[in-house]
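Contents: one structure, followed by commentary.
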Amino acid sequence: MVVEGESLTVSFRAPLMDILGTEQPPADAAARVRYEDRLKQVSEPLPSEAAECRLNHATRSTVASLFPDVDAHDHDHDHDHDHDHDHDHGHHVDVEAEWTFQCRSPGELSRITLPFLDTFSGLTTEVVLLLPQGQGALRLAPGDTRIPLE
């Protein structure tokens, strides 16, 4: 989390397994929809209202960005050649999201709430803070959604 001038940036990264419960590519269209719905639950943070922040920009991992090979293999015609579907999934994939806000009163920014941490209540969240008053770090216990900035 970075507060610089009137800008607030919140970045989030978590193992795909912790968000989807699997690292396997979606097997069909229904699984792709379930995965996308789960990823959408990584929702926008809520800065303290007194800071008067509005969202400027947001990015979040999508099924297509996490599993770029899936669409290439998703076709309905018959063919006689073999595809190697044993892709190297030895590396861990992370879900990433970032939100940038403009805050009219950044000095009033006393906390950020991450509502989606209720949904993903098993996550222990490490928070790195880069604030005008200095750097810091804290750990949110599973189910804790509020990051104090005071």
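Residue names in the structure tokens use chain letters A, B, ... in the order shown, residue numbers from 1 in each chain, and ligand numbers from 1 in the order shown.
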Please, which residues in stretch 85-135 of chain A fall within 10 Å of stretch 38-42 of chain A when counting only C-alpha atoms, and what is the closest atom pair and distance in Å to one decimal for each, ordered by chain then residue number, as a tab-separated table?
residue	atom	partner	partner_atom	distance
A:Val95	CA	A:Leu39	CA	8.0
A:Glu96	CA	A:Val42	CA	9.2
A:Ala97	CA	A:Val42	CA	7.7
A:Leu114	CA	A:Val42	CA	8.8
A:Pro115	CA	A:Val42	CA	8.3
A:Phe116	CA	A:Val42	CA	5.4
A:Leu117	CA	A:Val42	CA	8.2
A:Thr119	CA	A:Gln41	CA	7.6
A:Phe120	CA	A:Val42	CA	8.8
Next item on the list: Can you list, as a PyMOL selection string, all residues belonging to chain A that DSSP tags as helix (DSSP H, G or I)?
Entry: chain A and resi 16-20+29-40+49-51+63-66+70-73+106-108+116-119
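Across the model, the gap from atom CA of A:Pro15 to atom CA of A:Val93 is 6.1 Å.
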Just the residues within 12 Å of A:Glu44, please, counting only C-alpha atoms, with nothing from its chain fewer than 5 positions along; format it as a tab-separated table (two decimals) with N, CA and C atoms, in the first residue's frame.
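Resulting contents of part.tsv:
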chain	number	residue	atom	x	y	z
A	9	THR	N	-2.33	3.78	-3.69
A	9	THR	CA	-2.27	2.56	-4.49
A	9	THR	C	-2.28	1.37	-3.55
A	10	VAL	N	-3.20	0.45	-3.80
A	10	VAL	CA	-3.28	-0.78	-3.03
A	10	VAL	C	-3.02	-1.93	-3.99
A	11	SER	N	-1.98	-2.69	-3.71
A	11	SER	CA	-1.64	-3.86	-4.53
A	11	SER	C	-1.88	-5.11	-3.69
A	12	PHE	N	-2.40	-6.14	-4.34
A	12	PHE	CA	-2.71	-7.40	-3.65
A	12	PHE	C	-2.18	-8.55	-4.49
A	39	LEU	N	-12.57	-14.93	-8.91
A	39	LEU	CA	-11.59	-13.85	-9.05
A	39	LEU	C	-12.24	-12.48	-8.85
A	54	ARG	N	-11.49	8.45	-4.62
A	54	ARG	CA	-12.26	7.83	-5.69
A	54	ARG	C	-11.32	6.99	-6.54
A	55	LEU	N	-11.85	5.87	-6.98
A	55	LEU	CA	-11.06	4.92	-7.76
A	55	LEU	C	-10.74	5.50	-9.13
A	56	ASN	N	-9.46	5.49	-9.48
A	56	ASN	CA	-9.00	5.96	-10.79
A	56	ASN	C	-8.76	4.83	-11.75
A	57	HIS	N	-8.18	3.74	-11.24
A	57	HIS	CA	-7.75	2.65	-12.11
A	57	HIS	C	-7.73	1.36	-11.31
A	58	ALA	N	-8.12	0.26	-11.95
A	58	ALA	CA	-8.08	-1.04	-11.29
A	58	ALA	C	-7.68	-2.11	-12.30
A	59	THR	N	-6.86	-3.04	-11.85
A	59	THR	CA	-6.52	-4.21	-12.65
A	59	THR	C	-6.63	-5.43	-11.75
A	60	ARG	N	-6.99	-6.57	-12.35
A	60	ARG	CA	-7.11	-7.80	-11.58
A	60	ARG	C	-6.83	-8.96	-12.52
A	97	ALA	N	-3.93	-8.04	-8.07
A	97	ALA	CA	-4.87	-6.95	-8.29
A	97	ALA	C	-4.22	-5.67	-7.82
A	98	GLU	N	-4.61	-4.56	-8.45
A	98	GLU	CA	-4.09	-3.26	-8.02
A	98	GLU	C	-5.17	-2.21	-8.26
A	99	TRP	N	-5.31	-1.35	-7.28
A	99	TRP	CA	-6.28	-0.27	-7.35
A	99	TRP	C	-5.56	1.05	-7.06
A	100	THR	N	-5.84	2.07	-7.87
A	100	THR	CA	-5.27	3.40	-7.65
A	100	THR	C	-6.42	4.38	-7.42
A	101	PHE	N	-6.32	5.10	-6.32
A	101	PHE	CA	-7.33	6.08	-5.94
A	101	PHE	C	-6.71	7.47	-5.94
A	112	ILE	N	-7.78	1.39	5.69
A	112	ILE	CA	-8.25	0.81	4.43
A	112	ILE	C	-8.91	-0.51	4.81
A	113	THR	N	-10.08	-0.76	4.28
A	113	THR	CA	-10.75	-2.04	4.52
A	113	THR	C	-10.67	-2.86	3.24
A	114	LEU	N	-10.28	-4.10	3.38
A	114	LEU	CA	-10.24	-5.03	2.25
A	114	LEU	C	-11.40	-6.02	2.45
A	115	PRO	N	-12.59	-5.69	1.93
A	115	PRO	CA	-13.77	-6.51	2.21
A	115	PRO	C	-13.63	-7.95	1.76
A	116	PHE	N	-12.87	-8.19	0.72
A	116	PHE	CA	-12.74	-9.55	0.20
A	116	PHE	C	-11.99	-10.49	1.15
A	117	LEU	N	-11.30	-9.94	2.14
A	117	LEU	CA	-10.62	-10.82	3.10
A	117	LEU	C	-11.62	-11.59	3.95
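Counting only C-alpha atoms and comparing A:Ala50, A:Pro45, A:Ser61, A:Val3, the residue that lies closest to A:Leu20 is A:Ser61.
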Hey, what's within 9 Å of A:Asp144 if we count only C-alpha atoms and toss same-chain stuff fewer than 4 positions away? As an mmCIF file with N, CA and C atoms, in the first residue's frame, please?
data_model
loop_
_atom_site.group_PDB
_atom_site.id
_atom_site.type_symbol
_atom_site.label_atom_id
_atom_site.label_comp_id
_atom_site.auth_asym_id
_atom_site.auth_seq_id
_atom_site.Cartn_x
_atom_site.Cartn_y
_atom_site.Cartn_z
ATOM 1 N N LEU A 114 -10.282 -4.105 3.376
ATOM 2 C CA LEU A 114 -10.243 -5.035 2.250
ATOM 3 C C LEU A 114 -11.396 -6.020 2.447
ATOM 4 N N LEU A 117 -11.304 -9.944 2.143
ATOM 5 C CA LEU A 117 -10.617 -10.821 3.102
ATOM 6 C C LEU A 117 -11.621 -11.593 3.954
ATOM 7 N N ASP A 118 -12.868 -11.118 4.023
ATOM 8 C CA ASP A 118 -13.933 -11.895 4.668
ATOM 9 C C ASP A 118 -14.205 -13.170 3.870
ATOM 10 N N SER A 121 -11.176 -15.971 4.053
ATOM 11 C CA SER A 121 -10.859 -15.820 5.470
ATOM 12 C C SER A 121 -9.671 -16.660 5.930
ATOM 13 N N THR A 124 -3.627 -15.270 5.609
ATOM 14 C CA THR A 124 -2.878 -14.397 6.505
ATOM 15 C C THR A 124 -2.258 -13.360 5.586
ATOM 16 N N THR A 125 -2.541 -12.107 5.823
ATOM 17 C CA THR A 125 -2.153 -11.059 4.886
ATOM 18 C C THR A 125 -1.001 -10.236 5.445
ATOM 19 N N LEU A 140 -2.112 -9.051 9.007
ATOM 20 C CA LEU A 140 -3.525 -9.187 9.350
ATOM 21 C C LEU A 140 -3.816 -10.657 9.604
#
Next item on the list: Can you work out the spacing between atom CA of A:Glu108 and atom CA of A:Ala14 in Å, to one decimal?
Entry: 28.4 Å
Item checked: Interatomic distance, atom CA of A:Glu4 to atom CA of A:Ser65 (Å, one decimal) -> 28.9 Å
Next item on the list: Using only C-alpha atoms, determine which residues lie at most 8 Å from A:Arg111, disregarding the query and same-chain residues fewer than 2 positions distant; provide the list as a PyMOL selection string.
Entry: chain A and resi 47-48+109+113+146-150
